[in-house]
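Working notes, beginning with the structure itself.
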Amino acid sequence: MTTSAAGQPLIPQPPATVTALRQAVAQIAPVALPAFARELDQAADQAREGSDLAPLRRFVAQWAVYVHIQRQPHLAQRLRHLEDSAAAGDAEQARKAASEIGRILDDAHAVLTSSQR
């Protein structure tokens with residue numbers, strides 16, 4: 001992963017398009033590219049089967065949030081720590097970690113939604 005100077009994002013937030021998000025993932029988290037491709041294929045299949053673009057919209061929204069978080073190393077590290085805590089901790093620790101994970105994801109959704117207006 002590329003490093004950032006003084007806590008700055010590694011890259012600007014890309015537009016919420018499949019191509020731009022794929023390029024961003026390749027740059028900041030190349031290990032996630034197989035999951036990106038697999039989930040894109042699944043979303044495209046679901047969209048085609050249901051004659052509905054909702055699966056593709058969900059895919060783009062989910063990966064835009066992923067990129068938003070991963071382009072900020074401190075936030076990505078915090079999320080990984082919380083995920084580990086939720087998996088390895090007792091019930092109370094897992095609940096607290098899950099709550100904070102939810103806040104991080106909600107904040108990312110809010111930032112992305114407000115930037116699209």
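Ligands are numbered from 1 in the order shown, residues from 1 within each chain, and chains are lettered A, B, ... in the order they appear in the structure tokens.
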Q | All residues 9 Å or closer to region 92-108 of chain A, only C-alpha atoms, same chain fewer than 6 positions away omitted, as a count of residues only | A | 13
Q.
Quick check for you: according to DSSP on this backbone, which residues of chain A are classed as helix (DSSP H, G or I)? Reply as a VMD selection string.
A. chain A and resid 18 to 28 30 to 50 54 to 70 73 to 88 91 to 115
Q: Just give me the gap between CA of His74 (chain A) and CA of Gln13 (chain A) in Å, one decimal is fine.
A: 15.7 Å
Q) Contacts of Pro14 (chain A) at 9 Å or less, counting only C-alpha atoms, minus same-chain residues fewer than 3 places along, as a list in words? A)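 My list of contacting residues is Ile11, Thr17, Ala20, Leu21, Gln23, Ala24, Ala64, Val67 and His68 of chain A.
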Q. Pick from A:Ala44, A:Ala88, A:Val60, A:Leu53: nearest to Thr19 (chain A), with only C-alpha atoms counted?
A. A:Val60
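If you measure from each of A:Ala32, A:Ala76, A:Ala43, A:Ala61 to Val111 (chain A) using only C-alpha atoms, the closest one turns out to be A:Ala61.
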Q) Any idea what the distance is between CA of Phe36 (chain A) and CA of Phe59 (chain A)? A)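 Between CA of Phe36 (chain A) and CA of Phe59 (chain A) the gap works out to 9.0 Å.
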